[in-house]
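Asks: Input structure: coords00.csv, which contains CSV, C-alpha atoms and all ligand atoms.
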chain,number,residue,atom,x,y,z
A,1,MET,CA,-15.1,17.2,12.2
A,2,GLU,CA,-17.3,14.1,11.9
A,3,HIS,CA,-19.2,15.5,8.9
A,4,PHE,CA,-15.9,15.6,6.9
A,5,TYR,CA,-15.3,11.9,7.6
A,6,ALA,CA,-18.9,11.1,6.7
A,7,GLU,CA,-18.4,12.9,3.4
A,8,MET,CA,-15.2,11.1,2.7
A,9,TYR,CA,-16.9,7.8,3.4
A,10,ARG,CA,-19.9,8.7,1.3
A,11,VAL,CA,-18.0,9.7,-1.9
A,12,VAL,CA,-16.1,6.4,-1.9
A,13,TYR,CA,-19.0,4.3,-0.9
A,14,GLU,CA,-21.1,5.9,-3.7
A,15,GLY,CA,-18.2,5.8,-6.1
A,16,GLU,CA,-18.3,9.5,-6.8
A,17,VAL,CA,-14.9,9.6,-8.3
A,18,ASP,CA,-14.8,13.3,-9.2
A,19,ALA,CA,-15.9,14.3,-5.7
A,20,ALA,CA,-13.2,12.5,-3.8
A,21,GLY,CA,-10.3,14.9,-4.5
A,22,PRO,CA,-12.4,18.0,-3.4
A,23,ALA,CA,-13.6,16.1,-0.3
A,24,ALA,CA,-9.9,15.5,0.6
A,25,GLU,CA,-9.0,19.2,-0.1
A,26,ARG,CA,-11.8,20.5,2.1
A,27,ALA,CA,-10.8,18.2,4.9
A,28,LEU,CA,-7.2,19.3,4.7
A,29,ALA,CA,-8.3,23.0,4.5
A,30,ALA,CA,-10.2,22.4,7.8
A,31,GLY,CA,-7.1,21.2,9.5
A,32,LEU,CA,-7.7,17.5,9.5
A,33,ASP,CA,-4.7,15.1,9.7
A,34,PRO,CA,-4.1,13.5,6.3
A,35,LEU,CA,-3.5,10.0,7.8
A,36,GLU,CA,-6.8,10.3,9.8
A,37,CYS,CA,-8.5,11.2,6.5
A,38,VAL,CA,-7.1,8.0,5.0
A,39,ASN,CA,-7.9,5.7,7.9
A,40,ARG,CA,-11.2,7.2,9.3
A,41,GLY,CA,-12.7,8.5,6.1
A,42,PHE,CA,-11.7,6.9,2.8
A,43,MET,CA,-10.5,3.4,3.8
A,44,ARG,CA,-13.4,2.5,6.0
A,45,ALA,CA,-15.7,3.0,3.0
A,46,LEU,CA,-13.3,1.0,0.7
A,47,GLU,CA,-13.3,-1.8,3.2
A,48,GLN,CA,-17.1,-1.8,3.3
A,49,VAL,CA,-17.4,-1.9,-0.5
A,50,GLY,CA,-14.9,-4.7,-0.5
A,51,ARG,CA,-16.9,-6.7,2.1
A,52,GLU,CA,-20.1,-6.1,0.1
A,53,PHE,CA,-18.3,-7.1,-3.2
A,54,GLY,CA,-17.1,-10.3,-1.4
A,55,ALA,CA,-20.7,-11.0,-0.3
A,56,GLY,CA,-22.1,-10.5,-3.8
A,57,ASP,CA,-24.0,-7.3,-2.9
A,58,LYS,CA,-21.8,-5.0,-5.0
A,59,PHE,CA,-20.3,-5.6,-8.4
A,60,LEU,CA,-17.1,-5.0,-10.2
A,61,PRO,CA,-17.9,-1.5,-11.6
A,62,GLU,CA,-18.7,-0.4,-8.0
A,63,LEU,CA,-15.4,-1.8,-6.8
A,64,VAL,CA,-13.6,0.0,-9.6
A,65,ALA,CA,-15.3,3.3,-8.8
A,66,ALA,CA,-14.6,3.0,-5.1
A,67,GLY,CA,-10.9,2.2,-5.8
A,68,GLU,CA,-10.6,5.1,-8.3
A,69,ALA,CA,-12.3,7.5,-5.8
A,70,VAL,CA,-9.6,6.6,-3.2
A,71,GLN,CA,-6.9,7.0,-5.8
A,72,ARG,CA,-8.1,10.6,-6.5
A,73,ALA,CA,-8.2,11.3,-2.7
A,74,LEU,CA,-4.7,9.9,-2.3
A,75,ALA,CA,-3.4,12.2,-5.1
A,76,VAL,CA,-4.4,15.1,-2.8
A,77,LEU,CA,-3.3,13.5,0.5
A,78,GLN,CA,-0.1,11.8,-0.5
A,79,PRO,CA,2.1,15.0,-0.7
A,80,ARG,CA,0.8,15.9,2.8
A,81,LEU,CA,1.5,12.5,4.1
A,82,GLN,CA,5.1,12.7,2.8
A,83,GLU,CA,5.8,16.3,3.8
A,84,SER,CA,7.5,15.6,7.1
A,85,GLY,CA,10.1,13.4,5.4
A,86,ILE,CA,11.3,15.8,2.8
A,87,ARG,CA,14.0,17.6,4.8
A,88,ARG,CA,15.4,14.6,6.7
A,89,GLU,CA,18.5,12.6,5.8
A,90,SER,CA,17.5,9.3,4.1
A,91,LEU,CA,17.2,6.3,6.4
A,92,GLY,CA,17.7,4.1,3.4
A,93,LEU,CA,16.2,3.2,0.0
A,94,VAL,CA,13.1,1.1,-0.1
A,95,LEU,CA,12.2,-0.6,-3.4
A,96,LEU,CA,8.4,-1.1,-3.4
A,97,GLY,CA,6.0,-2.9,-5.7
A,98,THR,CA,2.9,-4.9,-6.1
A,99,VAL,CA,3.7,-8.4,-7.3
A,100,GLU,CA,3.0,-9.8,-10.8
A,101,GLY,CA,-0.6,-10.4,-11.7
A,102,ASP,CA,-1.9,-8.0,-9.0
A,103,ILE,CA,-3.0,-4.5,-9.8
A,104,HIS,CA,-4.0,-3.4,-6.3
A,105,GLU,CA,-2.0,-0.4,-5.4
A,106,ILE,CA,-3.8,1.7,-2.8
A,107,GLY,CA,-2.2,0.0,0.3
A,108,LYS,CA,1.2,0.1,-1.3
A,109,ARG,CA,0.9,3.8,-2.1
A,110,ILE,CA,0.0,4.5,1.6
A,111,VAL,CA,2.9,2.4,2.8
A,112,GLY,CA,5.2,4.3,0.4
A,113,ALA,CA,3.9,7.6,1.5
A,114,LEU,CA,4.4,6.8,5.2
A,115,LEU,CA,7.9,5.4,4.6
A,116,ALA,CA,8.8,8.6,2.8
A,117,ALA,CA,7.4,10.6,5.6
A,118,ALA,CA,9.5,8.6,8.1
A,119,GLY,CA,12.7,9.5,6.1
A,120,PHE,CA,13.1,6.6,3.7
A,121,GLU,CA,13.8,7.1,0.1
A,122,VAL,CA,11.1,5.2,-1.8
A,123,VAL,CA,11.3,3.9,-5.4
A,124,ASP,CA,7.8,2.6,-6.3
A,125,LEU,CA,7.9,0.1,-9.2
A,126,GLY,CA,4.1,0.2,-9.5
A,127,VAL,CA,1.8,-2.8,-9.8
A,128,ASP,CA,2.0,-6.1,-11.7
A,129,VAL,CA,5.7,-6.2,-11.2
A,130,PRO,CA,7.4,-9.4,-12.3
A,131,ALA,CA,10.1,-11.0,-10.2
A,132,ALA,CA,12.7,-10.3,-12.9
A,133,ARG,CA,11.9,-6.5,-12.7
A,134,PHE,CA,12.3,-6.5,-8.9
A,135,LEU,CA,15.6,-8.3,-9.3
A,136,GLU,CA,16.8,-6.0,-12.1
A,137,ARG,CA,16.0,-2.8,-10.1
A,138,ALA,CA,17.4,-4.2,-6.9
A,139,ARG,CA,20.7,-5.0,-8.5
A,140,GLU,CA,20.8,-1.5,-10.1
A,141,LEU,CA,19.7,0.5,-7.0
A,142,ARG,CA,21.0,-1.6,-4.2
A,143,PRO,CA,18.1,-0.8,-1.8
A,144,ALA,CA,18.3,-1.5,1.9
A,145,ILE,CA,14.8,-3.0,1.7
A,146,VAL,CA,12.7,-4.6,-1.0
A,147,GLY,CA,8.9,-4.4,-0.1
A,148,MET,CA,6.2,-6.4,-1.8
A,149,SER,CA,2.5,-6.0,-1.6
A,150,ALA,CA,0.0,-8.6,-2.6
A,151,LEU,CA,-3.8,-8.5,-2.3
A,152,LEU,CA,-4.9,-11.7,-3.8
A,153,THR,CA,-4.4,-15.2,-2.5
A,154,THR,CA,-3.5,-16.1,-6.1
A,155,THR,CA,-0.7,-13.6,-6.3
A,156,MET,CA,0.9,-13.7,-2.8
A,157,VAL,CA,2.8,-16.8,-4.1
A,158,ARG,CA,4.8,-14.4,-6.3
A,159,GLN,CA,6.4,-12.9,-3.2
A,160,ARG,CA,8.1,-16.3,-2.8
A,161,GLU,CA,9.5,-16.1,-6.3
A,162,VAL,CA,10.9,-12.6,-5.8
A,163,ILE,CA,12.6,-13.6,-2.6
A,164,ALA,CA,14.1,-16.7,-4.2
A,165,ALA,CA,15.4,-14.6,-7.1
A,166,LEU,CA,17.0,-12.0,-4.8
A,167,ARG,CA,18.6,-14.7,-2.6
A,168,ARG,CA,19.8,-16.7,-5.6
A,169,GLU,CA,21.5,-13.6,-7.0
A,170,ASN,CA,22.9,-12.6,-3.6
A,171,VAL,CA,21.1,-9.3,-3.4
A,172,PRO,CA,21.8,-8.2,0.2
A,173,ALA,CA,18.5,-6.3,0.6
A,174,ARG,CA,16.2,-7.1,3.6
A,175,VAL,CA,12.7,-8.1,2.4
A,176,MET,CA,9.3,-7.0,3.9
A,177,VAL,CA,5.9,-8.2,2.7
A,178,GLY,CA,2.4,-7.1,3.3
A,179,GLY,CA,-1.1,-7.0,1.9
A,180,ALA,CA,-4.5,-8.3,3.1
A,181,PRO,CA,-4.0,-12.1,2.6
A,182,VAL,CA,-0.4,-12.0,3.9
A,183,THR,CA,0.3,-13.3,7.4
A,184,PRO,CA,3.4,-13.5,9.6
A,185,SER,CA,3.5,-17.3,9.1
A,186,TRP,CA,3.5,-16.8,5.3
A,187,ALA,CA,6.3,-14.2,5.6
A,188,GLU,CA,8.3,-16.7,7.6
A,189,GLU,CA,7.6,-19.6,5.3
A,190,ILE,CA,8.8,-17.7,2.2
A,191,GLY,CA,11.9,-16.4,4.0
A,192,ALA,CA,10.9,-12.7,4.2
A,193,ASP,CA,12.7,-10.7,6.9
A,194,GLY,CA,9.4,-9.2,8.2
A,195,TYR,CA,5.7,-8.7,7.7
A,196,ALA,CA,3.7,-5.6,8.5
A,197,GLU,CA,-0.1,-5.5,8.9
A,198,ASP,CA,-0.5,-1.9,8.0
A,199,ALA,CA,1.4,1.2,6.9
A,200,SER,CA,2.4,2.3,10.4
A,201,ALA,CA,3.6,-1.1,11.2
A,202,ALA,CA,5.5,-1.1,7.9
A,203,VAL,CA,7.4,2.0,9.0
A,204,ASP,CA,8.3,0.4,12.4
A,205,LEU,CA,9.4,-2.7,10.6
A,206,ALA,CA,11.5,-0.8,8.0
A,207,ARG,CA,13.2,1.1,10.8
A,208,GLN,CA,14.0,-2.2,12.6
A,209,LEU,CA,15.3,-3.8,9.4
A,210,VAL,CA,17.7,-1.0,8.6
A,211,GLY,CA,18.8,-1.1,12.2
A,212,GLY,CA,19.5,-4.9,11.8
A,213,GLY,CA,17.9,-8.0,13.2
A,214,LYS,CA,15.3,-10.4,11.8
A,215,GLN,CA,11.6,-9.9,12.9
A,301,LIG,CO1,-9.9,-6.2,-5.5
A,301,LIG,N1,-10.1,-7.8,-4.4
A,301,LIG,N2,-10.0,-7.4,-7.1
A,301,LIG,N3,-9.9,-4.6,-6.5
A,301,LIG,N4,-10.2,-5.3,-3.9
A,301,LIG,C1,-9.9,-7.5,-2.9
A,301,LIG,C2,-8.5,-7.7,-2.5
A,301,LIG,C3,-10.9,-8.7,-2.4
A,301,LIG,C4,-10.5,-9.1,-0.9
A,301,LIG,C5,-12.4,-8.2,-2.5
A,301,LIG,C6,-13.3,-9.2,-2.0
A,301,LIG,O1,-13.6,-10.2,-2.7
A,301,LIG,N5,-13.9,-9.1,-0.8
A,301,LIG,C7,-10.7,-9.8,-3.4
A,301,LIG,C8,-9.5,-10.8,-3.2
A,301,LIG,C9,-10.0,-12.1,-2.8
A,301,LIG,C10,-8.8,-13.0,-2.5
A,301,LIG,O2,-7.9,-13.2,-3.3
A,301,LIG,N6,-8.8,-13.5,-1.3
A,301,LIG,C11,-10.5,-9.0,-4.7
A,301,LIG,C12,-10.7,-9.4,-6.0
A,301,LIG,C13,-11.3,-10.8,-6.1
A,301,LIG,C14,-10.4,-8.7,-7.2
A,301,LIG,C15,-10.6,-9.1,-8.6
A,301,LIG,C16,-10.1,-10.5,-9.0
A,301,LIG,C17,-12.0,-8.8,-9.0
A,301,LIG,C18,-12.4,-9.3,-10.4
A,301,LIG,O3,-11.9,-8.8,-11.4
A,301,LIG,N7,-13.3,-10.2,-10.5
A,301,LIG,C19,-9.7,-8.0,-9.3
A,301,LIG,C20,-8.2,-8.5,-9.4
A,301,LIG,C21,-7.4,-7.6,-10.3
A,301,LIG,C22,-5.9,-7.9,-10.2
A,301,LIG,O4,-5.2,-7.5,-9.3
A,301,LIG,N8,-5.4,-8.8,-11.1
A,301,LIG,C23,-9.8,-6.9,-8.4
A,301,LIG,C24,-9.7,-5.6,-8.8
A,301,LIG,C25,-9.8,-4.5,-7.9
A,301,LIG,C26,-9.9,-3.1,-8.4
A,301,LIG,C27,-8.9,-2.8,-9.6
A,301,LIG,C28,-11.3,-2.8,-8.8
A,301,LIG,C29,-9.6,-2.3,-7.1
A,301,LIG,C30,-8.1,-1.9,-6.9
A,301,LIG,C31,-7.9,-0.4,-7.3
A,301,LIG,C32,-6.4,0.0,-7.1
A,301,LIG,O5,-5.7,-0.5,-6.2
A,301,LIG,N9,-6.0,0.8,-8.0
A,301,LIG,C33,-9.9,-3.3,-6.0
A,301,LIG,C34,-10.1,-3.0,-4.6
A,301,LIG,C35,-10.2,-1.5,-4.3
A,301,LIG,C36,-10.3,-4.0,-3.6
A,301,LIG,C37,-10.6,-3.8,-2.1
A,301,LIG,C38,-12.0,-3.4,-2.0
A,301,LIG,C39,-9.8,-2.8,-1.4
A,301,LIG,C40,-8.2,-3.0,-1.5
A,301,LIG,C41,-7.6,-1.8,-0.9
A,301,LIG,O6,-7.1,-0.9,-1.6
A,301,LIG,N10,-7.7,-1.7,0.5
A,301,LIG,C42,-10.3,-5.3,-1.6
A,301,LIG,C43,-11.1,-5.7,-0.4
A,301,LIG,C44,-10.3,-5.4,0.9
A,301,LIG,O7,-9.1,-5.5,1.0
A,301,LIG,N11,-11.0,-5.2,2.0
A,301,LIG,C45,-10.3,-6.1,-2.8
A,301,LIG,C46,-7.2,-0.5,1.2
A,301,LIG,C47,-5.7,-0.6,1.5
A,301,LIG,C48,-5.3,0.5,2.3
A,301,LIG,O8,-5.5,-1.8,2.2
A,301,LIG,O9,-4.3,-2.9,0.3
A,301,LIG,O10,-4.8,-4.2,2.5
A,301,LIG,P1,-4.5,-2.9,1.8
A,301,LIG,O11,-3.1,-2.3,2.4
A,301,LIG,C49,-2.9,-2.2,3.8
A,301,LIG,C50,-2.3,-3.4,4.4
A,301,LIG,O12,-2.6,-4.6,3.8
A,301,LIG,C51,-0.8,-3.1,4.4
A,301,LIG,O13,-0.8,-1.7,4.6
A,301,LIG,C52,-1.8,-1.1,3.9
A,301,LIG,C53,-2.3,0.2,4.6
A,301,LIG,O14,-2.8,-0.1,5.9
A,301,LIG,N12,0.0,-3.4,3.3
A,301,LIG,C54,1.4,-3.5,3.4
A,301,LIG,C55,-0.3,-3.5,2.0
A,301,LIG,N13,0.8,-3.7,1.3
A,301,LIG,C56,1.9,-3.7,2.1
A,301,LIG,C57,3.2,-3.9,1.9
A,301,LIG,C58,4.1,-3.9,3.0
A,301,LIG,C59,3.6,-3.7,4.3
A,301,LIG,C60,2.2,-3.6,4.5
A,301,LIG,O15,5.4,-4.1,2.9
A,301,LIG,C61,6.0,-4.0,1.7
Please render this file's structure as structure tokens.
Replies:
Amino acid sequence: MEHFYAEMYRVVYEGEVDAAGPAAERALAAGLDPLECVNRGFMRALEQVGREFGAGDKFLPELVAAGEAVQRALAVLQPRLQESGIRRESLGLVLLGTVEGDIHEIGKRIVGALLAAAGFEVVDLGVDVPAARFLERARELRPAIVGMSALLTTTMVRQREVIAALRRENVPARVMVGGAPVTPSWAEEIGADGYAEDASAAVDLARQLVGGGKQ
């Protein structure tokens, strides 16, 4: 099995966009678990590319290619990640999005897929979502949870704006936040109901939030 993970790592690290989907398909055909493919294969490579980009050893086109390769892999893996949730009764609606000014979407997609697999109904607003759009959709759809992702230290402040808008308009949804620069203390400071470090923790948190109780 290790050679499948090595191949997933390689296609992302090398930015071989067209090879990523087929690598995911081969791994699934061999019986690998889709979440393991995400965590042990594709994400490890993306994190490494991110580290090297941060250190100045890789450049934007390589970051873009690695991100695009993971997106292609997710296109194959996401339906399989969600499969187990299809037949269950909904645990509640989660309105999900990446905040304004931020176009990182991979983590949010994984969070959405695992929430759906756990039995939540997920409406994904996409990326670069202004506070007004979160508010508009929350008033329209009345979600149990509004979830916000932010990957940049410059955009995480937008989470505060969204929460302020929701509270101001008395939208009763619970709010969860996540993303690489987000911390539990930040979540507390901005008045979120909870923070999750990764997608599995997001599912646990969402279950707790619909069951009641602040984190
Ligand atoms: Co960007 N980027 N990027 N990037 N990028 C980071 C975030 C960075 C840390 C890289 C670095 O310098 N080392 C850095 C941010 C620095 C900072 O602010 N502290 C950075 C930068 C600087 C930038 C640009 C400014 C680069 C430039 O243009 N000069 C630019 C900004 C664009 C913008 O948003 N306006 C930019 C662009 C991009 C790409 C478009 C090329 C691409 C994104 C492609 C896409 O998403 N379609 C990209 C990528 C791929 C990355 C890295 C390498 C990987 C991000 C990722 O997908 N991780 C990233 C480095 C890194 O994070 N190591 C980096 C995998 C994903 C599964 O993890 O998103 O953290 P993550 O999600 C996790 C958890 O955080 C959590 O669960 C997920 C699953 O476990 N989680 C939640 C996430 N959301 C949650 C929500 C929840 C709960 C949990 O509840 C609602």
Asks: Report the distance between atom C28 of ligand LIG 301 (chain A) and CA of Arg10 (chain A) in Å, rounded to one decimal place.
Replies: 17.6 Å
Asks: Record the distance separating CA of Lys108 (chain A) and atom C42 of ligand LIG 301 (chain A), expressed in Å with one decimal.
Replies: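 Going from CA of Lys108 (chain A) over to atom C42 of ligand LIG 301 (chain A), I get 12.7 Å.
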Asks: Any residue with an atom at most 7 Å from ligand LIG 301 (chain A) counts, using only C-alpha atoms and all ligand atoms. Which are they? Put them as a PyMOL selection string.
Replies: chain A and resi 43+46-47+49-54+60+63-64+66-68+71+96+101-108+110-111+147-154+176-181+195-199+202
Asks: Please identify every residue of region 158-179 of chain A that has at least one atom no farther than 8 Å from an atom of region 132-138 of chain A, counting all atoms listed in the file, and for each give the shortest atom pair and the distance in Å to one decimal, arranged by chain then increasing number, as CSV.
Replies:
residue,atom,partner,partner_atom,distance
A:Val162,CA,A:Phe134,CA,7.0
A:Ala165,CA,A:Leu135,CA,6.7
A:Leu166,CA,A:Leu135,CA,6.0
A:Val171,CA,A:Ala138,CA,7.2
A:Ala173,CA,A:Ala138,CA,7.9
Asks: Can you check which parts of region 60-116 of chain A lie within 9 Å of region 19-30 of chain A? Per residue, the shortest pair of atoms and distance in Å to one decimal, counting all atoms listed in the file, sorted by chain and number, as a tab-separated table.
Replies:
residue	atom	partner	partner_atom	distance
A:Ala69	CA	A:Ala20	CA	5.5
A:Val70	CA	A:Ala20	CA	6.9
A:Gln71	CA	A:Ala20	CA	8.6
A:Arg72	CA	A:Gly21	CA	5.2
A:Ala73	CA	A:Gly21	CA	4.5
A:Leu74	CA	A:Gly21	CA	7.8
A:Ala75	CA	A:Gly21	CA	7.4
A:Val76	CA	A:Gly21	CA	6.1
A:Leu77	CA	A:Ala24	CA	6.9
A:Arg80	CA	A:Leu28	CA	8.9
Asks: Would you save the residues of that selection, restricted to C-alpha atoms, as a PDB file, in the coordinates of the input?
Replies:
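Below is the file part09.pdb, written as the result:
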ATOM      1  CA  ALA A  69     -12.300   7.500  -5.800  1.00  0.00           C
ATOM      2  CA  VAL A  70      -9.600   6.600  -3.200  1.00  0.00           C
ATOM      3  CA  GLN A  71      -6.900   7.000  -5.800  1.00  0.00           C
ATOM      4  CA  ARG A  72      -8.100  10.600  -6.500  1.00  0.00           C
ATOM      5  CA  ALA A  73      -8.200  11.300  -2.700  1.00  0.00           C
ATOM      6  CA  LEU A  74      -4.700   9.900  -2.300  1.00  0.00           C
ATOM      7  CA  ALA A  75      -3.400  12.200  -5.100  1.00  0.00           C
ATOM      8  CA  VAL A  76      -4.400  15.100  -2.800  1.00  0.00           C
ATOM      9  CA  LEU A  77      -3.300  13.500   0.500  1.00  0.00           C
ATOM     10  CA  ARG A  80       0.800  15.900   2.800  1.00  0.00           C
TER      11      ARG A  80
END
Asks: With distances taken over only C-alpha atoms, which of A:Leu93, A:Asp57, A:Met156, A:Met8 is nearest to Ala206 (chain A)?
Replies: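 Closest to Ala206 (chain A), using only C-alpha atoms: A:Leu93.
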Asks: Could you check the closest approach to Ala45 (chain A) for each of A:Tyr9, A:Ile145, A:Pro61, A:Ala192 and tell me which residue wins, using only C-alpha atoms?
Replies: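 For Ala45 (chain A), the nearest of the given residues is A:Tyr9.
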Asks: Could you state the separation of CA of Val210 (chain A) and CA of Gln159 (chain A) in Å, given to one decimal place?
Replies: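 Going from CA of Val210 (chain A) over to CA of Gln159 (chain A) covers 20.2 Å.
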Asks: Hey, which of A:Leu81, A:Cys37, A:Val146, A:Val203 ends up closest to Val94 (chain A)? Count all atoms listed in the file.
Replies: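 The closest residue to Val94 (chain A) is A:Val146.
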Asks: Just checking: using only C-alpha atoms, which residue out of A:Glu188, A:Glu62, A:Asp124, A:Glu14 ends up closest to Ile163 (chain A)?
Replies: A:Glu188
Asks: Rank nothing, just name the residue among A:Arg174, A:Arg139, A:Arg109, A:His3 nearest to Gly191 (chain A), using only C-alpha atoms.
Replies: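 Nearest to Gly191 (chain A): A:Arg174.
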Asks: My list of candidates is A:Val11, A:Val182, A:Phe4, A:Gly92. Which is closest to Gln208 (chain A) when distances are computed with all atoms listed in the file?
Replies: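 Ranked by minimum distance to Gln208 (chain A), first place goes to A:Gly92.
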Asks: As a list in words, please: the residues near Leu209 (chain A) (cut-off 9 Å, all atoms listed in the file, same-chain neighbours under 5 positions excluded).
Replies: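 Once the adjacent positions are removed, what remains is Ala144, Ile145, Arg174, Val175, Met176, Asp193, Gly194, Asp204, Lys214 and Gln215 of chain A.
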Asks: Any chance you could export the current selection's C-alpha atoms as a PDB file, in the coordinates of the input?
Replies:
ATOM      1  CA  ALA A 144      18.300  -1.500   1.900  1.00  0.00           C
ATOM      2  CA  ILE A 145      14.800  -3.000   1.700  1.00  0.00           C
ATOM      3  CA  ARG A 174      16.200  -7.100   3.600  1.00  0.00           C
ATOM      4  CA  VAL A 175      12.700  -8.100   2.400  1.00  0.00           C
ATOM      5  CA  MET A 176       9.300  -7.000   3.900  1.00  0.00           C
ATOM      6  CA  ASP A 193      12.700 -10.700   6.900  1.00  0.00           C
ATOM      7  CA  GLY A 194       9.400  -9.200   8.200  1.00  0.00           C
ATOM      8  CA  ASP A 204       8.300   0.400  12.400  1.00  0.00           C
ATOM      9  CA  LYS A 214      15.300 -10.400  11.800  1.00  0.00           C
ATOM     10  CA  GLN A 215      11.600  -9.900  12.900  1.00  0.00           C
TER      11      GLN A 215
END
Asks: Would you please take region 183-200 of chain A of the structure in the block above and write N, CA and C atoms to a file as a compact mmCIF listing (two decimals), in the first residue's frame?
Replies:
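Written out: selection19.txt:
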# COMPACT_ATOMS: atom_id res chain seq x y z
N THR A 183 -7.04 29.71 16.19
CA THR A 183 -6.73 29.02 17.45
C THR A 183 -7.97 29.03 18.35
N PRO A 184 -7.95 28.19 19.37
CA PRO A 184 -9.09 28.22 20.31
C PRO A 184 -9.25 29.59 20.96
N SER A 185 -8.14 30.26 21.27
CA SER A 185 -8.28 31.55 21.95
C SER A 185 -8.85 32.61 21.00
N TRP A 186 -8.49 32.50 19.71
CA TRP A 186 -9.08 33.41 18.73
C TRP A 186 -10.59 33.16 18.63
N ALA A 187 -10.95 31.90 18.58
CA ALA A 187 -12.38 31.55 18.48
C ALA A 187 -13.14 32.14 19.67
N GLU A 188 -12.54 32.03 20.84
CA GLU A 188 -13.20 32.55 22.03
C GLU A 188 -13.30 34.08 21.96
N GLU A 189 -12.19 34.69 21.54
CA GLU A 189 -12.14 36.16 21.48
C GLU A 189 -13.23 36.73 20.58
N ILE A 190 -13.49 36.06 19.45
CA ILE A 190 -14.46 36.61 18.50
C ILE A 190 -15.89 36.12 18.76
N GLY A 191 -16.04 35.32 19.79
CA GLY A 191 -17.40 34.88 20.17
C GLY A 191 -17.93 33.71 19.37
N ALA A 192 -17.02 32.91 18.78
CA ALA A 192 -17.47 31.69 18.10
C ALA A 192 -17.90 30.67 19.16
N ASP A 193 -18.74 29.72 18.74
CA ASP A 193 -19.17 28.69 19.69
C ASP A 193 -18.18 27.54 19.76
N GLY A 194 -17.25 27.49 18.81
CA GLY A 194 -16.27 26.42 18.86
C GLY A 194 -15.24 26.53 17.76
N TYR A 195 -14.11 25.86 18.00
CA TYR A 195 -13.00 25.81 17.05
C TYR A 195 -12.65 24.35 16.82
N ALA A 196 -12.32 24.02 15.59
CA ALA A 196 -11.86 22.66 15.31
C ALA A 196 -10.54 22.71 14.56
N GLU A 197 -9.63 21.85 15.00
CA GLU A 197 -8.29 21.86 14.41
C GLU A 197 -8.24 21.18 13.05
N ASP A 198 -9.04 20.12 12.91
CA ASP A 198 -9.05 19.44 11.61
C ASP A 198 -10.47 18.96 11.30
N ALA A 199 -10.59 18.25 10.19
CA ALA A 199 -11.93 17.91 9.72
C ALA A 199 -12.63 16.92 10.66
N SER A 200 -11.89 15.99 11.22
CA SER A 200 -12.52 15.03 12.14
C SER A 200 -13.00 15.75 13.39
